[in-house]
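I have placed the structure first, in the form of structure tokens, so that the comments after it can refer back to it.
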Amino acid sequence: MSNPDPASSRRQFLKVSSLSGTGAAALLGTTAASHAGDTPTPPADDSRADLGGAPVCDVSATLWPLKTRVNALKQLLYDKGVFTEAMLGGFVDYYTNVVTPRLGATVIAHAWKNPAFAAALTNPPASEPFAATRIIRDFLKDRQLISPQSTGGWSIGPEGEWLRVVQNGPASPGAPPVHNLVVCTLCSCYPQALLGIQPVWYKSRQYRSRAVCAPRGIIREFAAAKPANRLAPYGIPNYQPYVESYLSRLSEIRVWDSNSEARFLVIPSRPAYVSDSWSEQQMTDLISRDSMIGTDIL
């Protein structure tokens with residue numbers, strides 16, 4: 001009997017087990033705290049011989065500049081016929097100029113206006129943990145925002161097929177709110193099909209590490225970079241105290257580790273200054289890319 005494909009087996013395991021409850025990735029903000037003291041202390045230098053010698057690398061190595069390495073890898077893939085320069089250029093152009101964060105913001109605005117739609121996105125059945133992908137596909141198709149020709153045969157485009165949606169706000173009526181933050185601790189996994197190309201900071205080692213251990217600090221730093229009068233048109237004269245007030249009301253921050261098996265999209269809390277009289281178009285204009293990652297407070 002042939003061995004099962006490892007990737008297929010892993011995906012099936014995620015579908016029927018962890019995904020049915022909490023998502024494809026570990027809920028790092030909760031898990032890390034409960035196991036903070038479980039990591040064993042590394043052996044001292046003089047005990048390495050007992051473990052088979054020195055670690056993999058005890059010396060520093062000089063790498064070629066990143067641009068040089070990327071260009072060399074691209075040329076190798078061209079030479080092997082994996083893809084052509086035109087194909088790569090078309091992919092980058094599509095995700096830079098066609099798929100922008102506005103596509104994701106359109107979905108979020110509809111969720112703000114329609115609680116049933118939001119509930120369907122955030123509470124998939126155990127038998128279909130990635131139901132959000134299908135729901136979003138149908139919604140965007142109905143509005144003629146995507147087509148089979150534009151998505152390359154994927155439901156909503158590459159890097160959007162395995163999507164989970166999480167929502168900021170009270171976990172239950174009357175409960176204190178929770179906040180969700182998305183990171184890829186390994187590289188830069190991200191729902192490009194809805195948000196376009198990843199921002200540079202999302203790929204940085206600083207964000208990938210600090211989002212796990214200091215998510216509040218990350219949110220504060222993003223807020224500090226915004227103009228103080230950012231929300232003045234909505235009756236909020238100073239943005240930074242507004243963010244501090246938001247953070248003080250949270251019961252927890254959930255940090256989701258996006259990976260090759262699943263991408264995560266955040267429905268930001270709908271601000272109190274956004275009334276029911278707002279149109280979906282107005283809401284879409286307000287929703288930022290970073291708020292759908294969890295680093296921006298609207």
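Just so we're on the same page: first chain in the structure tokens is A, next is B, and so on; residues restart at 1 for each chain, and ligands are numbered from 1 in the order they show up.
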Would you pick out the contacts of region 234-249 of chain A at 10 Å or less, using only C-alpha atoms, so that residues sharing its chain but fewer than 5 positions from it are not included, and give the list as a CSV table (one decimal) with C-alpha atoms, in the first residue's frame?
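Generated output (part.csv):
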chain,number,residue,atom,x,y,z
A,176,PRO,CA,-15.6,42.3,27.4
A,177,PRO,CA,-14.2,42.6,23.9
A,178,VAL,CA,-11.3,40.6,22.4
A,179,HIS,CA,-8.9,41.7,19.7
A,216,ARG,CA,-0.2,45.6,22.7
A,219,ILE,CA,-0.7,48.2,18.2
A,220,ARG,CA,0.6,51.2,20.2
A,221,GLU,CA,3.5,51.7,17.8
A,222,PHE,CA,1.2,51.7,14.8
A,223,ALA,CA,-1.1,54.2,16.6
A,224,ALA,CA,1.8,56.5,17.4
A,225,ALA,CA,2.7,56.7,13.7
A,226,LYS,CA,-0.8,58.0,12.9
A,227,PRO,CA,-1.7,61.8,13.0
A,228,ALA,CA,-3.3,62.8,16.3
A,229,ASN,CA,-6.2,64.3,14.4
A,272,ALA,CA,-19.2,53.7,17.6
A,273,TYR,CA,-19.0,56.7,15.3
A,274,VAL,CA,-20.1,54.5,12.4
A,296,ASP,CA,-4.8,49.4,13.1
A,297,ILE,CA,-7.7,50.6,15.4
A,298,LEU,CA,-10.4,52.4,13.5
*Apply DSSP to the structure's backbone, then extract all residues of region 104-274 of chain A labelled strand (DSSP E or B) and return them as a list in words.*
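Written out, the strand (DSSP E or B) residues of region 104-274 of chain A are Leu163, Arg164, Val165, Val166, Gln167, Gly169, Pro170, Pro177, Val178, His179, Asn180, Leu181, Val182, Val183, Glu252, Ile253, Arg254, Val255, Trp256, Asp257, Asn259, Ala262, Arg263, Phe264, Leu265, Val266 and Ile267 of chain A.
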Task: d(CA of Pro271 (chain A), CA of Arg137 (chain A)) in Å - done: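 Atom-to-atom, CA of Pro271 (chain A) to CA of Arg137 (chain A), that is 26.3 Å.
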* Show which residues sit within 8 Å of region 98-110 of chain A, as a ChimeraX atom specification. Count only C-alpha atoms, and ignore same-chain residues fewer than 5 positions away. => /A:93,117,136,139-140,145,192-197,267-268,280-281,283-285,287-289,292
Could you turn the residues from that selection into a file that holds N, CA and C atoms, as a PDB file, in the first residue's frame?
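Once written, part-v2.pdb looks like this:
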ATOM      1  N   ASP A  93       1.619  42.232 -11.105  1.00  0.00           N
ATOM      2  CA  ASP A  93       0.729  43.302 -11.563  1.00  0.00           C
ATOM      3  C   ASP A  93      -0.696  43.082 -11.067  1.00  0.00           C
ATOM      4  N   PHE A 117     -24.285  37.674   7.868  1.00  0.00           N
ATOM      5  CA  PHE A 117     -23.147  37.424   6.984  1.00  0.00           C
ATOM      6  C   PHE A 117     -21.870  37.273   7.804  1.00  0.00           C
ATOM      7  N   ILE A 136     -17.328  34.126   0.715  1.00  0.00           N
ATOM      8  CA  ILE A 136     -16.734  35.339   0.144  1.00  0.00           C
ATOM      9  C   ILE A 136     -16.694  35.258  -1.377  1.00  0.00           C
ATOM     10  N   PHE A 139     -20.132  36.036  -2.663  1.00  0.00           N
ATOM     11  CA  PHE A 139     -20.433  37.456  -2.449  1.00  0.00           C
ATOM     12  C   PHE A 139     -19.729  38.325  -3.490  1.00  0.00           C
ATOM     13  N   LEU A 140     -18.444  38.081  -3.715  1.00  0.00           N
ATOM     14  CA  LEU A 140     -17.682  38.896  -4.664  1.00  0.00           C
ATOM     15  C   LEU A 140     -18.102  38.639  -6.104  1.00  0.00           C
ATOM     16  N   LEU A 145     -16.990  41.473  -8.709  1.00  0.00           N
ATOM     17  CA  LEU A 145     -15.675  41.963  -8.313  1.00  0.00           C
ATOM     18  C   LEU A 145     -14.576  40.952  -8.615  1.00  0.00           C
ATOM     19  N   GLN A 192      -3.462  37.186   0.323  1.00  0.00           N
ATOM     20  CA  GLN A 192      -3.245  38.085  -0.813  1.00  0.00           C
ATOM     21  C   GLN A 192      -4.479  38.218  -1.691  1.00  0.00           C
ATOM     22  N   ALA A 193      -5.289  37.186  -1.746  1.00  0.00           N
ATOM     23  CA  ALA A 193      -6.464  37.218  -2.615  1.00  0.00           C
ATOM     24  C   ALA A 193      -7.433  38.325  -2.225  1.00  0.00           C
ATOM     25  N   LEU A 194      -7.358  38.799  -0.977  1.00  0.00           N
ATOM     26  CA  LEU A 194      -8.261  39.855  -0.517  1.00  0.00           C
ATOM     27  C   LEU A 194      -7.540  41.151  -0.157  1.00  0.00           C
ATOM     28  N   LEU A 195      -6.252  41.070   0.173  1.00  0.00           N
ATOM     29  CA  LEU A 195      -5.541  42.254   0.650  1.00  0.00           C
ATOM     30  C   LEU A 195      -4.404  42.697  -0.263  1.00  0.00           C
ATOM     31  N   GLY A 196      -4.138  41.951  -1.329  1.00  0.00           N
ATOM     32  CA  GLY A 196      -3.046  42.324  -2.212  1.00  0.00           C
ATOM     33  C   GLY A 196      -1.694  41.910  -1.642  1.00  0.00           C
ATOM     34  N   ILE A 197      -0.632  42.562  -2.112  1.00  0.00           N
ATOM     35  CA  ILE A 197       0.726  42.213  -1.708  1.00  0.00           C
ATOM     36  C   ILE A 197       0.958  42.569  -0.239  1.00  0.00           C
ATOM     37  N   ILE A 267     -12.118  40.811  11.047  1.00  0.00           N
ATOM     38  CA  ILE A 267     -13.202  41.795  10.957  1.00  0.00           C
ATOM     39  C   ILE A 267     -12.986  42.775  12.101  1.00  0.00           C
ATOM     40  N   PRO A 268     -12.570  44.017  11.832  1.00  0.00           N
ATOM     41  CA  PRO A 268     -12.328  44.972  12.916  1.00  0.00           C
ATOM     42  C   PRO A 268     -13.623  45.307  13.651  1.00  0.00           C
ATOM     43  N   GLU A 280     -22.534  50.987   2.698  1.00  0.00           N
ATOM     44  CA  GLU A 280     -21.392  50.074   2.632  1.00  0.00           C
ATOM     45  C   GLU A 280     -20.211  50.736   1.931  1.00  0.00           C
ATOM     46  N   GLN A 281     -20.501  51.612   0.993  1.00  0.00           N
ATOM     47  CA  GLN A 281     -19.432  52.336   0.299  1.00  0.00           C
ATOM     48  C   GLN A 281     -18.648  53.203   1.282  1.00  0.00           C
ATOM     49  N   MET A 283     -18.411  52.787   4.516  1.00  0.00           N
ATOM     50  CA  MET A 283     -17.675  51.906   5.423  1.00  0.00           C
ATOM     51  C   MET A 283     -16.420  51.354   4.751  1.00  0.00           C
ATOM     52  N   THR A 284     -16.553  50.979   3.494  1.00  0.00           N
ATOM     53  CA  THR A 284     -15.406  50.455   2.751  1.00  0.00           C
ATOM     54  C   THR A 284     -14.287  51.480   2.691  1.00  0.00           C
ATOM     55  N   ASP A 285     -14.635  52.746   2.501  1.00  0.00           N
ATOM     56  CA  ASP A 285     -13.639  53.811   2.438  1.00  0.00           C
ATOM     57  C   ASP A 285     -12.882  53.954   3.758  1.00  0.00           C
ATOM     58  N   ILE A 287     -12.288  51.432   6.093  1.00  0.00           N
ATOM     59  CA  ILE A 287     -11.578  50.222   6.531  1.00  0.00           C
ATOM     60  C   ILE A 287     -10.195  50.153   5.885  1.00  0.00           C
ATOM     61  N   SER A 288      -9.174  50.052   6.704  1.00  0.00           N
ATOM     62  CA  SER A 288      -7.793  50.016   6.211  1.00  0.00           C
ATOM     63  C   SER A 288      -7.285  48.582   6.109  1.00  0.00           C
ATOM     64  N   ARG A 289      -6.266  48.410   5.302  1.00  0.00           N
ATOM     65  CA  ARG A 289      -5.623  47.092   5.198  1.00  0.00           C
ATOM     66  C   ARG A 289      -5.132  46.617   6.561  1.00  0.00           C
ATOM     67  N   MET A 292      -7.484  45.011   8.959  1.00  0.00           N
ATOM     68  CA  MET A 292      -7.869  43.635   8.637  1.00  0.00           C
ATOM     69  C   MET A 292      -6.768  42.636   8.994  1.00  0.00           C
TER      70      MET A 292
END
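In this comparison, which uses only C-alpha atoms, the residue of A:Val70, A:Leu231, A:Cys189, A:Val183 approaching Ser209 (chain A) most closely is A:Val183.
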